[in-house]
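A short worksheet on the structure shown next.
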Amino acid sequence: MPAPELLQKLLTAPAPPGNEGLAARVWREAAESFADEVTTDKLGTTVARVNGRGEHPLMAVVGHIDEIALLVSHVSDKGYLHVVQSGGWDAQVLVGQRVEILTRDGVVPGVVGRKAPHLTDAEERKKAVQLKNLHIDIGAKDGDDARSMVAPGDQAVIAAEPLDMPNGRVASRALDNRLGVFVAIEVARRVKEAGGGAGPVASVAAVQEEIGAHGARVMAYGLEPDLAIVVDVTHATDSPGVDPGELGDHGLGGGPVITRGAIVSRAVNDLLDEVAAAEGIECSTEASGRQTGTDADTVHFSRTGVPTAVVSMPLRYMHSPVELVDLADVEATIKLLTALALRLESDTSLARW
C-alpha cells in the first residue's frame, strides 16, 4: 500500500526550521480545497478551520511541519561547506549522505564528506563522529566557485525520496513530523465530510518545533483553543536495542500512542480512552514525567492554560533519512481523533479534576 498522495507531496517538499514555505504551501493548498477558513500567521504556522454547530469547544489538532536540517556556517577557500545543526542530528547518521542545499536561486546538490577510514588511525576510528569534522562537498573548484552557488545561512536537508515497503510501511526522511500535519488535515477533512461537530476543528501545521516549539506557542496564544491534541511520532520499541521497559511497549502496527503524565490533560485522555473503546481502536501508552518533547510543552500553558493531549505514532529510526512507519497506525490515529471531534459536545467537561 503506497503512501497517500498528499503525504507523498509533503515528504518530498523540504521544510527546515524557519524556512517551511515549500511544504507549507502543499499543506495549505490541500486545506483550501475543503476548509471554511485557512490563515497563516507571521511566523508561518498555518491553521485550517472547519466550522461546527457552535463556537465551542474549539479543538486544535496540532502537527509540526518543519524537519531537522543543517545550516551553512562557512564556505572555505577550497570550496567546502561547513555546517551547524538546526534540530537534533546524530552526526554519525550524516556521513555519506546526499543533501539538498536550499539557496535563493534554487536547490544545489551536495554530499556529506569526511576523511576516509584508510586515513584515520585506530584511536580516531574509536571516536564518535562529530559534526565539526564533517563538511558538504558541492563539487566546487574553489571557494569563489562555491560562493557563487551557496552562501552562509543557506539550509540543507537530506535528499531521500519516500520508499514504499511491504506490509503498508513507508520509509522516508521527515516522517517526523509530516505525519502529524497529514493526520491534522485529514481529521479536519473527515469532520467536514461528516457534517461538522459541536464546535470548530482547527487543523494546525506549526513551524519551528524542532528548535523549540516556537510556532505552536504563537498559534495557541492567538487561536485560544478549548482543547488541543498534539500529533507527533514516538520511538517504536520493537526494533533491536530499544527497551520497552524504559519507553513503553508500542511497536509498528500497535496503533496510536497516548502520552500520560504531568502536563497532559487527564480529562482529554479519558475522552480519548472512551472513543478508542467505542471505535475498537487499539492504543498504547507512553509515560512522560516532565516535558513531552513535543509542541504540547508550549501549547498547554498558553494564556490561562489549554487542556492538551499528545497522540503519537510509533516510528523507527527517528531523526534519520530512513524513518519508518506503518500506515495502519496513521489511519488509526486519524480515525481516533475524528471520532473524538465528532463526539465532543458544548458541555463536555475538560476540568483537570
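Please note that chains go A, B, ... in the order of the C-alpha cells, that every chain numbers its residues from 1, and that ligands are numbered from 1 in the order shown.
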Env of Glu67 in chain A: 12 Å cut, atoms = only C-alpha atoms, seq-sep filter 5 positions within chain, self excluded. Answer as a PDB file with N, CA, C and O atoms, in the first residue's frame.
```pdb
ATOM      1  N   LEU A  10       4.008  16.007   0.733  1.00  0.00           N
ATOM      2  CA  LEU A  10       4.589  16.645   1.920  1.00  0.00           C
ATOM      3  C   LEU A  10       6.003  16.142   2.188  1.00  0.00           C
ATOM      4  O   LEU A  10       6.883  16.913   2.582  1.00  0.00           O
ATOM      5  N   LEU A  11       6.229  14.861   1.967  1.00  0.00           N
ATOM      6  CA  LEU A  11       7.543  14.267   2.249  1.00  0.00           C
ATOM      7  C   LEU A  11       8.607  14.693   1.239  1.00  0.00           C
ATOM      8  O   LEU A  11       9.803  14.645   1.551  1.00  0.00           O
ATOM      9  N   THR A  12       8.197  15.090   0.067  1.00  0.00           N
ATOM     10  CA  THR A  12       9.178  15.484  -0.947  1.00  0.00           C
ATOM     11  C   THR A  12       9.385  16.994  -1.000  1.00  0.00           C
ATOM     12  O   THR A  12      10.161  17.478  -1.827  1.00  0.00           O
ATOM     13  N   ALA A  13       8.718  17.734  -0.143  1.00  0.00           N
ATOM     14  CA  ALA A  13       8.906  19.188  -0.064  1.00  0.00           C
ATOM     15  C   ALA A  13       9.754  19.509   1.163  1.00  0.00           C
ATOM     16  O   ALA A  13       9.353  19.200   2.285  1.00  0.00           O
ATOM     17  N   PRO A  14      10.928  20.099   0.995  1.00  0.00           N
ATOM     18  CA  PRO A  14      11.782  20.400   2.153  1.00  0.00           C
ATOM     19  C   PRO A  14      11.173  21.476   3.036  1.00  0.00           C
ATOM     20  O   PRO A  14      10.486  22.379   2.552  1.00  0.00           O
ATOM     21  N   ALA A  15      11.441  21.383   4.347  1.00  0.00           N
ATOM     22  CA  ALA A  15      10.897  22.375   5.293  1.00  0.00           C
ATOM     23  C   ALA A  15      11.788  22.488   6.515  1.00  0.00           C
ATOM     24  O   ALA A  15      11.401  22.101   7.622  1.00  0.00           O
ATOM     25  N   PRO A  16      13.006  23.024   6.358  1.00  0.00           N
ATOM     26  CA  PRO A  16      13.855  23.236   7.529  1.00  0.00           C
ATOM     27  C   PRO A  16      13.264  24.301   8.440  1.00  0.00           C
ATOM     28  O   PRO A  16      12.480  25.153   7.990  1.00  0.00           O
ATOM     29  N   PRO A  17      13.604  24.291   9.716  1.00  0.00           N
ATOM     30  CA  PRO A  17      13.041  25.277  10.650  1.00  0.00           C
ATOM     31  C   PRO A  17      13.280  26.709  10.177  1.00  0.00           C
ATOM     32  O   PRO A  17      14.413  27.085   9.845  1.00  0.00           O
ATOM     33  N   GLY A  18      12.206  27.472  10.141  1.00  0.00           N
ATOM     34  CA  GLY A  18      12.295  28.861   9.714  1.00  0.00           C
ATOM     35  C   GLY A  18      12.178  29.055   8.221  1.00  0.00           C
ATOM     36  O   GLY A  18      12.129  30.189   7.734  1.00  0.00           O
ATOM     37  N   ASN A  19      12.137  27.957   7.467  1.00  0.00           N
ATOM     38  CA  ASN A  19      12.041  28.025   6.011  1.00  0.00           C
ATOM     39  C   ASN A  19      11.113  26.917   5.524  1.00  0.00           C
ATOM     40  O   ASN A  19      11.452  26.125   4.654  1.00  0.00           O
ATOM     41  N   GLU A  20       9.921  26.875   6.107  1.00  0.00           N
ATOM     42  CA  GLU A  20       8.982  25.780   5.866  1.00  0.00           C
ATOM     43  C   GLU A  20       8.051  26.014   4.686  1.00  0.00           C
ATOM     44  O   GLU A  20       7.132  25.229   4.437  1.00  0.00           O
ATOM     45  N   ALA A  23       6.809  23.115   1.918  1.00  0.00           N
ATOM     46  CA  ALA A  23       5.879  22.115   2.448  1.00  0.00           C
ATOM     47  C   ALA A  23       4.586  22.768   2.921  1.00  0.00           C
ATOM     48  O   ALA A  23       3.497  22.204   2.760  1.00  0.00           O
ATOM     49  N   ALA A  24       4.697  23.963   3.504  1.00  0.00           N
ATOM     50  CA  ALA A  24       3.501  24.649   3.996  1.00  0.00           C
ATOM     51  C   ALA A  24       2.539  24.990   2.861  1.00  0.00           C
ATOM     52  O   ALA A  24       1.317  24.930   3.031  1.00  0.00           O
ATOM     53  N   GLN A  85      24.025  22.386  13.079  1.00  0.00           N
ATOM     54  CA  GLN A  85      22.743  21.697  13.013  1.00  0.00           C
ATOM     55  C   GLN A  85      21.592  22.627  13.381  1.00  0.00           C
ATOM     56  O   GLN A  85      21.752  23.544  14.178  1.00  0.00           O
ATOM     57  N   SER A  86      20.452  22.353  12.771  1.00  0.00           N
ATOM     58  CA  SER A  86      19.217  23.049  13.094  1.00  0.00           C
ATOM     59  C   SER A  86      18.210  21.965  13.453  1.00  0.00           C
ATOM     60  O   SER A  86      17.481  21.439  12.611  1.00  0.00           O
ATOM     61  N   GLY A  87      18.201  21.595  14.729  1.00  0.00           N
ATOM     62  CA  GLY A  87      17.458  20.427  15.181  1.00  0.00           C
ATOM     63  C   GLY A  87      18.430  19.320  15.556  1.00  0.00           C
ATOM     64  O   GLY A  87      19.637  19.419  15.331  1.00  0.00           O
ATOM     65  N   GLY A  88      17.899  18.249  16.122  1.00  0.00           N
ATOM     66  CA  GLY A  88      18.736  17.249  16.785  1.00  0.00           C
ATOM     67  C   GLY A  88      19.290  16.156  15.890  1.00  0.00           C
ATOM     68  O   GLY A  88      18.683  15.093  15.730  1.00  0.00           O
ATOM     69  N   TRP A  89      20.466  16.389  15.310  1.00  0.00           N
ATOM     70  CA  TRP A  89      21.126  15.399  14.468  1.00  0.00           C
ATOM     71  C   TRP A  89      22.081  14.530  15.269  1.00  0.00           C
ATOM     72  O   TRP A  89      22.774  15.008  16.172  1.00  0.00           O
ATOM     73  N   GLN A 155      20.265  26.679   4.034  1.00  0.00           N
ATOM     74  CA  GLN A 155      19.923  25.466   4.777  1.00  0.00           C
ATOM     75  C   GLN A 155      19.975  24.242   3.874  1.00  0.00           C
ATOM     76  O   GLN A 155      19.810  24.345   2.657  1.00  0.00           O
ATOM     77  N   ALA A 156      20.198  23.089   4.501  1.00  0.00           N
ATOM     78  CA  ALA A 156      20.292  21.845   3.753  1.00  0.00           C
ATOM     79  C   ALA A 156      19.460  20.769   4.437  1.00  0.00           C
ATOM     80  O   ALA A 156      19.408  20.702   5.665  1.00  0.00           O
ATOM     81  N   VAL A 157      18.820  19.930   3.628  1.00  0.00           N
ATOM     82  CA  VAL A 157      18.094  18.761   4.127  1.00  0.00           C
ATOM     83  C   VAL A 157      18.628  17.527   3.413  1.00  0.00           C
ATOM     84  O   VAL A 157      19.226  17.620   2.336  1.00  0.00           O
ATOM     85  N   ILE A 158      18.417  16.374   4.014  1.00  0.00           N
ATOM     86  CA  ILE A 158      18.810  15.119   3.389  1.00  0.00           C
ATOM     87  C   ILE A 158      17.996  14.890   2.116  1.00  0.00           C
ATOM     88  O   ILE A 158      16.800  15.164   2.071  1.00  0.00           O
ATOM     89  N   SER A 172      11.153   7.151   5.015  1.00  0.00           N
ATOM     90  CA  SER A 172      11.435   8.463   4.432  1.00  0.00           C
ATOM     91  C   SER A 172      12.130   9.331   5.463  1.00  0.00           C
ATOM     92  O   SER A 172      12.028   9.095   6.665  1.00  0.00           O
ATOM     93  N   ARG A 173      12.782  10.371   5.005  1.00  0.00           N
ATOM     94  CA  ARG A 173      13.142  11.464   5.905  1.00  0.00           C
ATOM     95  C   ARG A 173      11.872  12.254   6.219  1.00  0.00           C
ATOM     96  O   ARG A 173      10.872  12.169   5.497  1.00  0.00           O
ATOM     97  N   ALA A 174      11.880  12.976   7.305  1.00  0.00           N
ATOM     98  CA  ALA A 174      10.826  13.955   7.637  1.00  0.00           C
ATOM     99  C   ALA A 174       9.464  13.350   7.947  1.00  0.00           C
ATOM    100  O   ALA A 174       8.479  14.076   8.019  1.00  0.00           O
ATOM    101  N   LEU A 175       9.374  12.025   8.147  1.00  0.00           N
ATOM    102  CA  LEU A 175       8.118  11.498   8.697  1.00  0.00           C
ATOM    103  C   LEU A 175       7.840  12.165  10.041  1.00  0.00           C
ATOM    104  O   LEU A 175       6.682  12.339  10.425  1.00  0.00           O
ATOM    105  N   ASP A 176       8.892  12.528  10.746  1.00  0.00           N
ATOM    106  CA  ASP A 176       8.831  13.407  11.909  1.00  0.00           C
ATOM    107  C   ASP A 176       8.958  14.845  11.396  1.00  0.00           C
ATOM    108  O   ASP A 176      10.059  15.313  11.155  1.00  0.00           O
ATOM    109  N   ASN A 177       7.877  15.624  11.150  1.00  0.00           N
ATOM    110  CA  ASN A 177       6.557  15.223  11.558  1.00  0.00           C
ATOM    111  C   ASN A 177       5.550  15.566  10.477  1.00  0.00           C
ATOM    112  O   ASN A 177       4.493  16.110  10.748  1.00  0.00           O
ATOM    113  N   ARG A 178       5.896  15.230   9.215  1.00  0.00           N
ATOM    114  CA  ARG A 178       4.879  15.376   8.180  1.00  0.00           C
ATOM    115  C   ARG A 178       3.695  14.471   8.481  1.00  0.00           C
ATOM    116  O   ARG A 178       2.574  14.736   8.046  1.00  0.00           O
ATOM    117  N   LEU A 179       3.946  13.389   9.226  1.00  0.00           N
ATOM    118  CA  LEU A 179       2.832  12.534   9.635  1.00  0.00           C
ATOM    119  C   LEU A 179       1.834  13.308  10.473  1.00  0.00           C
ATOM    120  O   LEU A 179       0.617  13.161  10.321  1.00  0.00           O
ATOM    121  N   GLY A 180       2.327  14.146  11.383  1.00  0.00           N
ATOM    122  CA  GLY A 180       1.439  14.909  12.256  1.00  0.00           C
ATOM    123  C   GLY A 180       0.564  15.874  11.499  1.00  0.00           C
ATOM    124  O   GLY A 180      -0.643  15.989  11.763  1.00  0.00           O
ATOM    125  N   VAL A 181       1.148  16.599  10.529  1.00  0.00           N
ATOM    126  CA  VAL A 181       0.335  17.565   9.781  1.00  0.00           C
ATOM    127  C   VAL A 181      -0.594  16.844   8.810  1.00  0.00           C
ATOM    128  O   VAL A 181      -1.685  17.344   8.495  1.00  0.00           O
ATOM    129  N   ALA A 206       2.264  23.599  12.353  1.00  0.00           N
ATOM    130  CA  ALA A 206       3.092  24.522  13.124  1.00  0.00           C
ATOM    131  C   ALA A 206       4.539  24.512  12.638  1.00  0.00           C
ATOM    132  O   ALA A 206       5.065  23.479  12.210  1.00  0.00           O
ATOM    133  N   VAL A 207       5.180  25.656  12.731  1.00  0.00           N
ATOM    134  CA  VAL A 207       6.580  25.790  12.318  1.00  0.00           C
ATOM    135  C   VAL A 207       7.503  25.749  13.540  1.00  0.00           C
ATOM    136  O   VAL A 207       7.068  25.911  14.682  1.00  0.00           O
ATOM    137  N   GLN A 208       8.767  25.494  13.268  1.00  0.00           N
ATOM    138  CA  GLN A 208       9.864  25.648  14.234  1.00  0.00           C
ATOM    139  C   GLN A 208       9.736  24.794  15.494  1.00  0.00           C
ATOM    140  O   GLN A 208      10.256  25.160  16.551  1.00  0.00           O
ATOM    141  N   GLU A 209       9.102  23.632  15.392  1.00  0.00           N
ATOM    142  CA  GLU A 209       9.042  22.746  16.559  1.00  0.00           C
ATOM    143  C   GLU A 209      10.415  22.195  16.909  1.00  0.00           C
ATOM    144  O   GLU A 209      10.772  22.069  18.089  1.00  0.00           O
ATOM    145  N   GLU A 210      11.191  21.852  15.879  1.00  0.00           N
ATOM    146  CA  GLU A 210      12.467  21.174  16.107  1.00  0.00           C
ATOM    147  C   GLU A 210      13.496  22.060  16.803  1.00  0.00           C
ATOM    148  O   GLU A 210      14.520  21.563  17.290  1.00  0.00           O
ATOM    149  N   ILE A 211      13.239  23.347  16.873  1.00  0.00           N
ATOM    150  CA  ILE A 211      14.180  24.244  17.552  1.00  0.00           C
ATOM    151  C   ILE A 211      13.536  24.950  18.744  1.00  0.00           C
ATOM    152  O   ILE A 211      14.043  25.971  19.208  1.00  0.00           O
ATOM    153  N   ALA A 213       9.604  24.635  19.552  1.00  0.00           N
ATOM    154  CA  ALA A 213       8.135  24.740  19.540  1.00  0.00           C
ATOM    155  C   ALA A 213       7.649  26.184  19.470  1.00  0.00           C
ATOM    156  O   ALA A 213       6.623  26.542  20.053  1.00  0.00           O
ATOM    157  N   MET A 318      14.135   7.360  14.247  1.00  0.00           N
ATOM    158  CA  MET A 318      13.809   8.780  14.276  1.00  0.00           C
ATOM    159  C   MET A 318      15.043   9.648  14.048  1.00  0.00           C
ATOM    160  O   MET A 318      16.144   9.325  14.481  1.00  0.00           O
ATOM    161  N   HIS A 319      14.833  10.771  13.389  1.00  0.00           N
ATOM    162  CA  HIS A 319      15.873  11.731  13.038  1.00  0.00           C
ATOM    163  C   HIS A 319      16.953  11.082  12.175  1.00  0.00           C
ATOM    164  O   HIS A 319      18.153  11.245  12.402  1.00  0.00           O
ATOM    165  N   SER A 320      16.485  10.361  11.175  1.00  0.00           N
ATOM    166  CA  SER A 320      17.386   9.773  10.193  1.00  0.00           C
ATOM    167  C   SER A 320      16.727   9.859   8.823  1.00  0.00           C
ATOM    168  O   SER A 320      15.533  10.184   8.716  1.00  0.00           O
ATOM    169  N   PRO A 321      17.438   9.555   7.743  1.00  0.00           N
ATOM    170  CA  PRO A 321      16.831   9.582   6.409  1.00  0.00           C
ATOM    171  C   PRO A 321      15.926   8.391   6.135  1.00  0.00           C
ATOM    172  O   PRO A 321      15.290   8.343   5.085  1.00  0.00           O
TER     173      PRO A 321
END
```
Contacts of range 280-289 of chain A at 12 Å (only C-alpha atoms; same-chain gap of 2+ positions) as a VMD selection string: chain A and resid 233 to 237 244 to 264 269 272 to 278 291 to 294 296 to 297 309 to 314 328 to 337 339 to 340
I need the residue nearest Phe34 in chain A from this list: A:Val230, A:Ala267, A:Val187, A:Ile101. Use only C-alpha atoms for the distance.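 Closest residue, counting only C-alpha atoms: A:Val187.
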List every residue of range 175-317 of chain A that DSSP, applied to the backbone, labels as strand (DSSP E), and write the result as an NGL selection string. :A and (201-206 or 227-235 or 257-261 or 284-288 or 308-315)
Could you check which of A:Arg290, A:His300, A:His214, A:Arg316 is closest to Ala60 in chain A, using only C-alpha atoms?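 Of A:Arg290, A:His300, A:His214, A:Arg316, the one nearest Ala60 in chain A, counting only C-alpha atoms, is A:His300.
You can rank A:Leu350, A:Ile136, A:Val201, A:Ala228 by their closest distance to Arg266 in chain A using only C-alpha atoms, and at the top of that list sits A:Leu350.
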Going by DSSP on the backbone, which residues of range 230-281 of chain A come out as helix (DSSP H, G or I)? List them as a VMD selection string. chain A and resid 244 to 247 266 to 279
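Distances from A:Gly139, A:Pro225, A:Val268, A:Asp347 to Val61 in chain A were compared using only C-alpha atoms, and the smallest one belongs to A:Pro225.
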Counting only C-alpha atoms, which of A:Leu22, A:Asp232, A:Ser203, A:Asn133 gets nearest to Val50 in chain A? A:Ser203
Might you pull out every residue within 8 Å of Leu81 in chain A, with only C-alpha atoms counted and same-chain residues fewer than 6 positions away left off, and present them as a PyMOL selection string? chain A and resi 72-75+135-138
